[in-house]
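File shown: input-v1.txt (compact mmCIF, C-alpha atoms).
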```txt
# COMPACT_ATOMS: atom_id res chain seq x y z
CA MET A 1 18.75 42.16 -23.31
CA ARG A 2 19.82 39.09 -25.25
CA ARG A 3 22.29 38.11 -22.52
CA ALA A 4 19.55 38.47 -19.89
CA LEU A 5 17.20 36.29 -21.92
CA LEU A 6 19.88 33.63 -22.36
CA SER A 7 20.61 33.68 -18.63
CA ALA A 8 16.92 33.35 -17.81
CA ALA A 9 16.56 30.48 -20.28
CA ALA A 10 19.57 28.74 -18.75
CA LEU A 11 18.12 29.08 -15.26
CA VAL A 12 14.78 27.68 -16.41
CA PHE A 13 16.57 24.77 -18.08
CA LEU A 14 18.58 24.00 -14.94
CA PHE A 15 15.46 24.21 -12.79
CA LEU A 16 13.57 21.81 -15.06
CA LEU A 17 16.54 19.46 -15.21
CA GLY A 18 16.76 19.44 -11.42
CA TYR A 19 13.02 18.98 -11.03
CA TRP A 20 12.86 15.99 -13.35
CA ALA A 21 15.89 14.40 -11.69
CA TRP A 22 14.23 14.86 -8.29
CA ARG A 23 10.91 13.58 -9.62
CA GLY A 24 12.55 10.45 -11.02
CA MET A 25 14.25 9.76 -7.70
CA VAL A 26 10.98 10.17 -5.78
CA LEU A 27 9.07 7.93 -8.18
CA ARG A 28 11.71 5.21 -7.88
CA GLU A 29 11.62 5.46 -4.09
CA ASP A 30 7.82 5.35 -4.02
CA SER A 31 7.67 2.36 -6.37
CA ARG A 32 8.55 -0.06 -3.61
CA TYR A 33 5.97 -2.84 -3.36
CA GLU A 34 4.90 -2.06 -6.93
CA ALA A 35 4.11 -5.71 -7.67
CA GLN A 36 1.82 -5.93 -4.64
CA VAL A 37 0.16 -2.62 -5.50
CA ARG A 38 -0.55 -3.71 -9.07
CA GLN A 39 -1.88 -7.06 -7.90
CA ALA A 40 -4.35 -5.37 -5.55
CA ALA A 41 -5.27 -2.74 -8.14
CA ALA A 42 -6.13 -5.41 -10.70
CA ARG A 43 -8.09 -7.47 -8.20
CA TYR A 44 -10.24 -4.65 -6.86
CA GLY A 45 -10.37 -2.26 -9.80
CA VAL A 46 -8.56 0.68 -8.20
CA ASP A 47 -5.99 2.92 -9.90
CA PRO A 48 -2.58 1.68 -8.66
CA LEU A 49 -1.38 5.28 -8.44
CA LEU A 50 -4.19 6.10 -6.01
CA ILE A 51 -3.28 3.08 -3.89
CA ARG A 52 0.33 4.22 -3.90
CA ALA A 53 -0.71 7.73 -2.85
CA VAL A 54 -2.67 6.31 0.10
CA ILE A 55 0.36 4.26 1.18
CA TRP A 56 2.55 7.36 0.94
CA GLU A 57 0.19 9.32 3.17
CA GLU A 58 -0.53 6.54 5.65
CA THR A 59 2.96 5.18 6.30
CA GLY A 60 5.50 6.67 3.91
CA PHE A 61 6.08 3.03 2.81
CA ARG A 62 7.23 2.05 6.32
CA LEU A 63 6.13 -1.48 7.14
CA ASN A 64 6.47 -1.30 10.91
CA LYS A 65 4.14 1.65 11.57
CA VAL A 66 1.31 1.04 14.06
CA GLY A 67 -1.55 3.54 14.18
CA ARG A 68 -3.04 5.32 17.19
CA VAL A 69 -5.96 2.91 17.38
CA GLY A 70 -4.22 -0.26 16.26
CA GLU A 71 -4.04 0.19 12.48
CA LEU A 72 -1.46 -2.08 10.86
CA GLY A 73 0.28 -2.49 7.54
CA LEU A 74 1.28 -0.16 4.74
CA MET A 75 -2.29 1.11 4.34
CA GLN A 76 -2.99 1.27 8.10
CA VAL A 77 -5.99 -1.06 8.25
CA ARG A 78 -7.76 -1.77 11.52
CA PRO A 79 -7.98 -5.47 12.44
CA THR A 80 -11.80 -5.31 12.45
CA THR A 81 -11.81 -4.00 8.88
CA ALA A 82 -9.22 -6.58 7.89
CA PHE A 83 -11.46 -9.36 9.21
CA ASP A 84 -14.24 -8.04 6.96
CA TRP A 85 -11.83 -8.29 4.05
CA ALA A 86 -10.76 -11.81 5.06
CA ARG A 87 -14.39 -12.97 5.25
CA SER A 88 -15.11 -11.53 1.81
CA GLU A 89 -12.11 -13.44 0.46
CA LYS A 90 -12.93 -16.59 2.45
CA ARG A 91 -9.56 -16.50 4.22
CA THR A 92 -10.42 -18.49 7.31
CA ASP A 93 -6.85 -18.55 8.61
CA PHE A 94 -6.37 -14.77 8.66
CA ARG A 95 -4.65 -13.18 11.66
CA PRO A 96 -4.25 -9.40 12.21
CA GLU A 97 -0.46 -9.62 12.39
CA GLN A 98 -0.49 -10.73 8.76
CA LEU A 99 -1.25 -7.11 7.82
CA ALA A 100 2.47 -6.47 8.26
CA ASP A 101 3.01 -8.57 5.14
CA PRO A 102 3.05 -6.06 2.23
CA GLU A 103 0.85 -8.25 0.04
CA ILE A 104 -1.81 -8.80 2.71
CA GLY A 105 -1.78 -5.22 3.99
CA ILE A 106 -2.13 -3.75 0.50
CA LEU A 107 -4.86 -6.21 -0.49
CA ALA A 108 -6.90 -5.44 2.63
CA GLY A 109 -6.48 -1.68 2.31
CA SER A 110 -7.24 -1.69 -1.41
CA TRP A 111 -10.37 -3.75 -0.83
CA TYR A 112 -11.61 -1.21 1.69
CA LEU A 113 -10.72 1.70 -0.61
CA ALA A 114 -12.47 0.01 -3.55
CA ARG A 115 -15.60 -0.51 -1.48
CA ALA A 116 -15.66 3.18 -0.57
CA LEU A 117 -15.12 4.21 -4.20
CA ARG A 118 -18.05 2.03 -5.30
CA ARG A 119 -20.30 3.61 -2.70
CA TRP A 120 -19.56 7.07 -4.10
CA LYS A 121 -19.32 6.18 -7.80
CA ASP A 122 -22.30 8.37 -8.73
CA THR A 123 -20.72 11.55 -7.34
CA ASP A 124 -18.70 14.02 -9.40
CA ASN A 125 -15.45 13.20 -7.57
CA PRO A 126 -15.54 9.71 -5.99
CA PRO A 127 -11.97 9.82 -4.59
CA VAL A 128 -12.78 12.84 -2.41
CA PHE A 129 -15.68 11.03 -0.76
CA ALA A 130 -13.89 7.67 -0.59
CA LEU A 131 -10.71 9.05 0.95
CA ALA A 132 -12.68 10.88 3.62
CA GLU A 133 -14.50 7.63 4.41
CA TYR A 134 -11.21 5.72 4.48
CA ASN A 135 -9.81 8.17 7.02
CA ALA A 136 -12.80 9.00 9.21
CA GLY A 137 -15.33 6.23 8.66
CA ARG A 138 -18.62 5.73 6.86
CA ARG A 139 -20.77 7.49 9.45
CA ASN A 140 -18.80 10.72 9.26
CA ALA A 141 -18.64 10.61 5.47
CA LEU A 142 -22.43 10.40 5.30
CA ARG A 143 -22.68 13.30 7.72
CA TRP A 144 -20.55 15.48 5.44
CA VAL A 145 -22.75 15.03 2.38
CA ASP A 146 -24.41 18.35 1.51
CA PRO A 147 -28.19 17.73 1.30
CA ALA A 148 -28.51 20.49 -1.28
CA HIS A 149 -25.66 19.13 -3.43
CA PRO A 150 -25.27 15.44 -2.50
CA LYS A 151 -23.07 14.57 -5.49
CA SER A 152 -20.72 17.55 -5.26
CA GLY A 153 -17.19 16.81 -4.11
CA ARG A 154 -16.58 20.51 -3.52
CA ALA A 155 -19.64 20.83 -1.26
CA PHE A 156 -18.70 17.61 0.54
CA PHE A 157 -15.13 18.74 1.15
CA ALA A 158 -16.32 22.10 2.49
CA ARG A 159 -18.42 20.31 5.14
CA ILE A 160 -15.61 18.12 6.51
CA ASP A 161 -15.17 19.36 10.06
CA PHE A 162 -12.15 17.21 10.99
CA PRO A 163 -9.07 19.27 10.07
CA LYS A 164 -6.95 16.15 9.88
CA THR A 165 -9.32 14.53 7.40
CA ARG A 166 -9.37 17.65 5.21
CA GLN A 167 -5.58 17.64 5.21
CA TYR A 168 -5.52 13.88 4.54
CA VAL A 169 -7.78 14.09 1.49
CA ARG A 170 -5.94 17.07 0.02
CA GLU A 171 -2.48 15.59 0.50
CA ILE A 172 -3.40 12.28 -1.10
CA LEU A 173 -4.97 14.01 -4.09
CA ASP A 174 -1.85 16.18 -4.41
CA ARG A 175 0.38 13.09 -4.40
CA TYR A 176 -1.94 11.26 -6.79
CA ALA A 177 -1.63 14.19 -9.21
CA PHE A 178 2.16 14.14 -8.81
CA TYR A 179 2.32 10.44 -9.68
CA ARG A 180 0.26 11.11 -12.81
CA GLY A 181 2.50 13.98 -13.83
CA ARG A 182 -0.24 16.55 -13.29
CA PRO A 183 -0.10 19.76 -11.24
CA PRO A 184 -1.84 19.45 -7.85
CA TRP A 185 -4.13 22.41 -8.54
CA GLU A 186 -5.57 20.58 -11.55
CA ALA A 187 -6.46 17.44 -9.61
CA CYS A 188 -7.81 19.44 -6.68
CA ARG A 189 -9.54 22.28 -8.51
CA SER A 190 -12.94 21.02 -7.38
CA LEU A 191 -11.95 21.54 -3.74
CA THR A 192 -11.84 24.69 -1.67
CA SER A 193 -8.60 26.45 -0.78
CA ARG A 194 -5.88 24.43 0.89
CA PRO A 195 -6.64 23.81 4.57
CA GLY A 196 -4.07 24.69 7.19
CA ARG A 197 -1.90 22.21 8.98
CA VAL A 198 -3.40 20.22 11.80
CA ARG A 199 -2.92 21.75 15.22
CA LYS A 200 -1.71 19.70 18.13
CA GLY A 201 -4.53 17.79 19.78
CA GLU A 202 -6.69 17.50 16.65
CA GLU A 203 -5.12 14.29 15.32
CA ALA A 204 -7.09 11.99 17.61
CA VAL A 205 -10.50 13.15 16.39
CA ALA A 206 -10.45 11.38 13.04
CA ASP A 207 -8.45 8.43 14.39
CA SER A 208 -11.10 7.69 17.00
CA ALA A 209 -13.79 7.64 14.31
CA ARG A 210 -11.89 5.49 11.86
CA PRO A 211 -13.35 2.04 11.10
```
I need this file expressed as structure tokens, please.
Amino acid sequence: MRRALLSAAALVFLFLLGYWAWRGMVLREDSRYEAQVRQAAARYGVDPLLIRAVIWEETGFRLNKVGRVGELGLMQVRPTTAFDWARSEKRTDFRPEQLADPEIGILAGSWYLARALRRWKDTDNPPVFALAEYNAGRRNALRWVDPAHPKSGRAFFARIDFPKTRQYVREILDRYAFYRGRPPWEACRSLTSRPGRVRKGEEAVADSARP
């Protein structure tokens, strides 16, 4: 019995050692553009770890990704949304191709995310609402609010009828929890059960609605 317990303890130790080594490697890899993330976080009042989680989901930190409907930059911002950001910052010389610059792309995306978070600040889980809006647009986010429970993130999430958006919100919250050293089920306990993967042909629904 003692030998079995020692073997089990050794296996647990090796598992934890491997996990923390893997976690450290992932965190180092995902800390690219950390200076730009922290600059945007401080400017717009958004948790830098949430910004990083959005970048991870949108592009996997790949600068050259172009979205289905023309989104650019690390946070996949549409040029029309980026022009709104530029006007708010009085950047009269802004051009859409500048979104490929990590600093500009992260600033524009963080501004849009911060605006969505402010709109939903009185709910019980603002990131759930804001991330859905970031992915599928303001009009759809308003449509998903439960009239009987307008401030409930759980009720809101249950009404999202774009499978890709449900997956998007859940995966970002999972990654956000990982960055904070928390288990995903703790960060997402206010949501329903994990949605399935997106089936082929469903991806374009949310993309076509995105601002």
Which residues of segment 16-113 of chain A come within 10 Å of segment 172-177 of chain A, and what is each one's closest atom pair and distance in Å (one decimal), counting all atoms listed in the file, sorted by chain and residue number, as a Markdown table?
```
| residue | atom | partner | partner_atom | distance |
| --- | --- | --- | --- | --- |
| A:Asp47 | CA | A:Tyr176 | CA | 9.8 |
| A:Pro48 | CA | A:Tyr176 | CA | 9.8 |
| A:Leu49 | CA | A:Tyr176 | CA | 6.2 |
| A:Leu50 | CA | A:Tyr176 | CA | 5.7 |
| A:Ile51 | CA | A:Tyr176 | CA | 8.8 |
| A:Arg52 | CA | A:Tyr176 | CA | 7.9 |
| A:Ala53 | CA | A:Tyr176 | CA | 5.4 |
| A:Val54 | CA | A:Ile172 | CA | 6.1 |
| A:Ile55 | CA | A:Ile172 | CA | 9.1 |
| A:Trp56 | CA | A:Ile172 | CA | 8.0 |
| A:Glu57 | CA | A:Ile172 | CA | 6.3 |
| A:Glu58 | CA | A:Ile172 | CA | 9.3 |
```
Between atom CA of Ile160 of chain A and atom CA of Ala141 of chain A - distance in Å to one decimal =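 Taking atom CA of Ala141 of chain A as the start and atom CA of Ile160 of chain A as the end point, the length is 8.2 Å.
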Could you jot down the atom CA of Ala114 of chain A to atom CA of Asn64 of chain A separation for me, Å, one decimal place?
-> 23.9 Å
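Minimum atom-to-atom distances from A:Trp111, A:Ser31, A:Leu63, A:Leu72 to Arg95 of chain A were compared using all atoms listed in the file, and the lowest value belongs to A:Leu72.
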Selection near Leu99 of chain A, 10 Å with only C-alpha atoms, sequence-local residues under 2 positions removed, as a ChimeraX atom specification = /A:63,71-79,82,94-97,101-109
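When atom CA of Arg68 of chain A is paired with atom CA of Gly137 of chain A, their separation reads 15.0 Å.
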Kindly indicate which residue among A:Thr123, A:Asn140, A:Ser152, A:Asn135 lies nearest to Gly67 of chain A, using all atoms listed in the file for the distances.
->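 Distance minimum relative to Gly67 of chain A lands on A:Asn135.
Proximity to Phe157 of chain A was assessed for A:Arg115, A:Arg87, A:Arg62, A:Arg170 counting only C-alpha atoms; the smallest distance is recorded for A:Arg170.
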Nearest residue to Thr81 of chain A from the set A:Val37, A:Tyr134, A:Gly181, A:Lys151 (distances using all atoms listed in the file) |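 Comparing A:Val37, A:Tyr134, A:Gly181, A:Lys151 against Thr81 of chain A, the winner is A:Tyr134.
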Judged by only C-alpha atoms, the minimum distance to Tyr44 of chain A among A:Trp85, A:Ala100, A:Lys90, A:Glu133 is found for A:Trp85
Between A:Phe129, A:Phe83, A:Tyr33, A:Tyr179, which is the closest to Ala155 of chain A once you count all atoms listed in the file?
-> A:Phe129
Mind completing segment 139-170 of chain A with N, CA and C atoms? Output as a PDB file, in the frame of the given file, please?
```
ATOM      1  N   ARG A 139     -19.780   6.639   8.790  1.00  0.00           N
ATOM      2  CA  ARG A 139     -20.770   7.490   9.450  1.00  0.00           C
ATOM      3  C   ARG A 139     -20.436   8.968   9.263  1.00  0.00           C
ATOM      4  N   ASN A 140     -19.183   9.320   9.442  1.00  0.00           N
ATOM      5  CA  ASN A 140     -18.800  10.720   9.260  1.00  0.00           C
ATOM      6  C   ASN A 140     -18.913  11.152   7.810  1.00  0.00           C
ATOM      7  N   ALA A 141     -18.537  10.271   6.888  1.00  0.00           N
ATOM      8  CA  ALA A 141     -18.640  10.610   5.470  1.00  0.00           C
ATOM      9  C   ALA A 141     -20.087  10.924   5.094  1.00  0.00           C
ATOM     10  N   LEU A 142     -21.014  10.139   5.582  1.00  0.00           N
ATOM     11  CA  LEU A 142     -22.430  10.400   5.300  1.00  0.00           C
ATOM     12  C   LEU A 142     -22.871  11.728   5.912  1.00  0.00           C
ATOM     13  N   ARG A 143     -22.328  12.039   7.062  1.00  0.00           N
ATOM     14  CA  ARG A 143     -22.680  13.300   7.720  1.00  0.00           C
ATOM     15  C   ARG A 143     -22.209  14.509   6.929  1.00  0.00           C
ATOM     16  N   TRP A 144     -21.125  14.347   6.184  1.00  0.00           N
ATOM     17  CA  TRP A 144     -20.550  15.480   5.440  1.00  0.00           C
ATOM     18  C   TRP A 144     -21.187  15.710   4.077  1.00  0.00           C
ATOM     19  N   VAL A 145     -22.067  14.822   3.658  1.00  0.00           N
ATOM     20  CA  VAL A 145     -22.750  15.030   2.380  1.00  0.00           C
ATOM     21  C   VAL A 145     -23.656  16.253   2.486  1.00  0.00           C
ATOM     22  N   ASP A 146     -23.573  17.144   1.524  1.00  0.00           N
ATOM     23  CA  ASP A 146     -24.410  18.350   1.510  1.00  0.00           C
ATOM     24  C   ASP A 146     -25.791  17.976   0.974  1.00  0.00           C
ATOM     25  N   PRO A 147     -26.844  18.097   1.771  1.00  0.00           N
ATOM     26  CA  PRO A 147     -28.190  17.730   1.300  1.00  0.00           C
ATOM     27  C   PRO A 147     -28.600  18.470   0.033  1.00  0.00           C
ATOM     28  N   ALA A 148     -28.139  19.701  -0.103  1.00  0.00           N
ATOM     29  CA  ALA A 148     -28.510  20.490  -1.280  1.00  0.00           C
ATOM     30  C   ALA A 148     -27.714  20.089  -2.521  1.00  0.00           C
ATOM     31  N   HIS A 149     -26.523  19.525  -2.302  1.00  0.00           N
ATOM     32  CA  HIS A 149     -25.660  19.130  -3.430  1.00  0.00           C
ATOM     33  C   HIS A 149     -25.008  17.784  -3.080  1.00  0.00           C
ATOM     34  N   PRO A 150     -25.784  16.707  -3.013  1.00  0.00           N
ATOM     35  CA  PRO A 150     -25.270  15.440  -2.500  1.00  0.00           C
ATOM     36  C   PRO A 150     -24.193  14.781  -3.358  1.00  0.00           C
ATOM     37  N   LYS A 151     -24.069  15.186  -4.613  1.00  0.00           N
ATOM     38  CA  LYS A 151     -23.070  14.570  -5.490  1.00  0.00           C
ATOM     39  C   LYS A 151     -21.852  15.458  -5.704  1.00  0.00           C
ATOM     40  N   SER A 152     -21.802  16.587  -5.049  1.00  0.00           N
ATOM     41  CA  SER A 152     -20.720  17.550  -5.260  1.00  0.00           C
ATOM     42  C   SER A 152     -19.543  17.291  -4.324  1.00  0.00           C
ATOM     43  N   GLY A 153     -18.388  16.987  -4.907  1.00  0.00           N
ATOM     44  CA  GLY A 153     -17.190  16.810  -4.110  1.00  0.00           C
ATOM     45  C   GLY A 153     -16.757  18.096  -3.432  1.00  0.00           C
ATOM     46  N   ARG A 154     -16.945  19.215  -4.100  1.00  0.00           N
ATOM     47  CA  ARG A 154     -16.580  20.510  -3.520  1.00  0.00           C
ATOM     48  C   ARG A 154     -17.432  20.803  -2.283  1.00  0.00           C
ATOM     49  N   ALA A 155     -18.752  20.582  -2.398  1.00  0.00           N
ATOM     50  CA  ALA A 155     -19.640  20.830  -1.260  1.00  0.00           C
ATOM     51  C   ALA A 155     -19.335  19.863  -0.118  1.00  0.00           C
ATOM     52  N   PHE A 156     -19.042  18.613  -0.466  1.00  0.00           N
ATOM     53  CA  PHE A 156     -18.700  17.610   0.540  1.00  0.00           C
ATOM     54  C   PHE A 156     -17.434  18.017   1.288  1.00  0.00           C
ATOM     55  N   PHE A 157     -16.401  18.378   0.535  1.00  0.00           N
ATOM     56  CA  PHE A 157     -15.130  18.740   1.150  1.00  0.00           C
ATOM     57  C   PHE A 157     -15.282  19.947   2.080  1.00  0.00           C
ATOM     58  N   ALA A 158     -16.113  20.893   1.682  1.00  0.00           N
ATOM     59  CA  ALA A 158     -16.320  22.100   2.490  1.00  0.00           C
ATOM     60  C   ALA A 158     -16.977  21.778   3.830  1.00  0.00           C
ATOM     61  N   ARG A 159     -17.704  20.659   3.914  1.00  0.00           N
ATOM     62  CA  ARG A 159     -18.420  20.310   5.140  1.00  0.00           C
ATOM     63  C   ARG A 159     -17.607  19.411   6.075  1.00  0.00           C
ATOM     64  N   ILE A 160     -16.439  18.957   5.635  1.00  0.00           N
ATOM     65  CA  ILE A 160     -15.610  18.120   6.510  1.00  0.00           C
ATOM     66  C   ILE A 160     -15.126  18.962   7.688  1.00  0.00           C
ATOM     67  N   ASP A 161     -15.512  18.567   8.884  1.00  0.00           N
ATOM     68  CA  ASP A 161     -15.170  19.360  10.060  1.00  0.00           C
ATOM     69  C   ASP A 161     -14.064  18.730  10.909  1.00  0.00           C
ATOM     70  N   PHE A 162     -13.361  17.740  10.365  1.00  0.00           N
ATOM     71  CA  PHE A 162     -12.150  17.210  10.990  1.00  0.00           C
ATOM     72  C   PHE A 162     -10.960  17.775  10.224  1.00  0.00           C
ATOM     73  N   PRO A 163     -10.208  18.699  10.802  1.00  0.00           N
ATOM     74  CA  PRO A 163      -9.070  19.270  10.070  1.00  0.00           C
ATOM     75  C   PRO A 163      -8.099  18.224   9.546  1.00  0.00           C
ATOM     76  N   LYS A 164      -7.889  17.170  10.330  1.00  0.00           N
ATOM     77  CA  LYS A 164      -6.950  16.150   9.880  1.00  0.00           C
ATOM     78  C   LYS A 164      -7.465  15.446   8.629  1.00  0.00           C
ATOM     79  N   THR A 165      -8.763  15.205   8.565  1.00  0.00           N
ATOM     80  CA  THR A 165      -9.320  14.530   7.400  1.00  0.00           C
ATOM     81  C   THR A 165      -9.256  15.428   6.169  1.00  0.00           C
ATOM     82  N   ARG A 166      -9.511  16.717   6.334  1.00  0.00           N
ATOM     83  CA  ARG A 166      -9.370  17.650   5.210  1.00  0.00           C
ATOM     84  C   ARG A 166      -7.932  17.635   4.678  1.00  0.00           C
ATOM     85  N   GLN A 167      -6.993  17.676   5.591  1.00  0.00           N
ATOM     86  CA  GLN A 167      -5.580  17.640   5.210  1.00  0.00           C
ATOM     87  C   GLN A 167      -5.251  16.310   4.524  1.00  0.00           C
ATOM     88  N   TYR A 168      -5.767  15.225   5.063  1.00  0.00           N
ATOM     89  CA  TYR A 168      -5.520  13.880   4.540  1.00  0.00           C
ATOM     90  C   TYR A 168      -5.987  13.771   3.090  1.00  0.00           C
ATOM     91  N   VAL A 169      -7.219  14.178   2.840  1.00  0.00           N
ATOM     92  CA  VAL A 169      -7.780  14.090   1.490  1.00  0.00           C
ATOM     93  C   VAL A 169      -6.960  14.941   0.521  1.00  0.00           C
ATOM     94  N   ARG A 170      -6.668  16.157   0.908  1.00  0.00           N
ATOM     95  CA  ARG A 170      -5.940  17.070   0.020  1.00  0.00           C
ATOM     96  C   ARG A 170      -4.544  16.543  -0.293  1.00  0.00           C
TER      97      ARG A 170
END
```
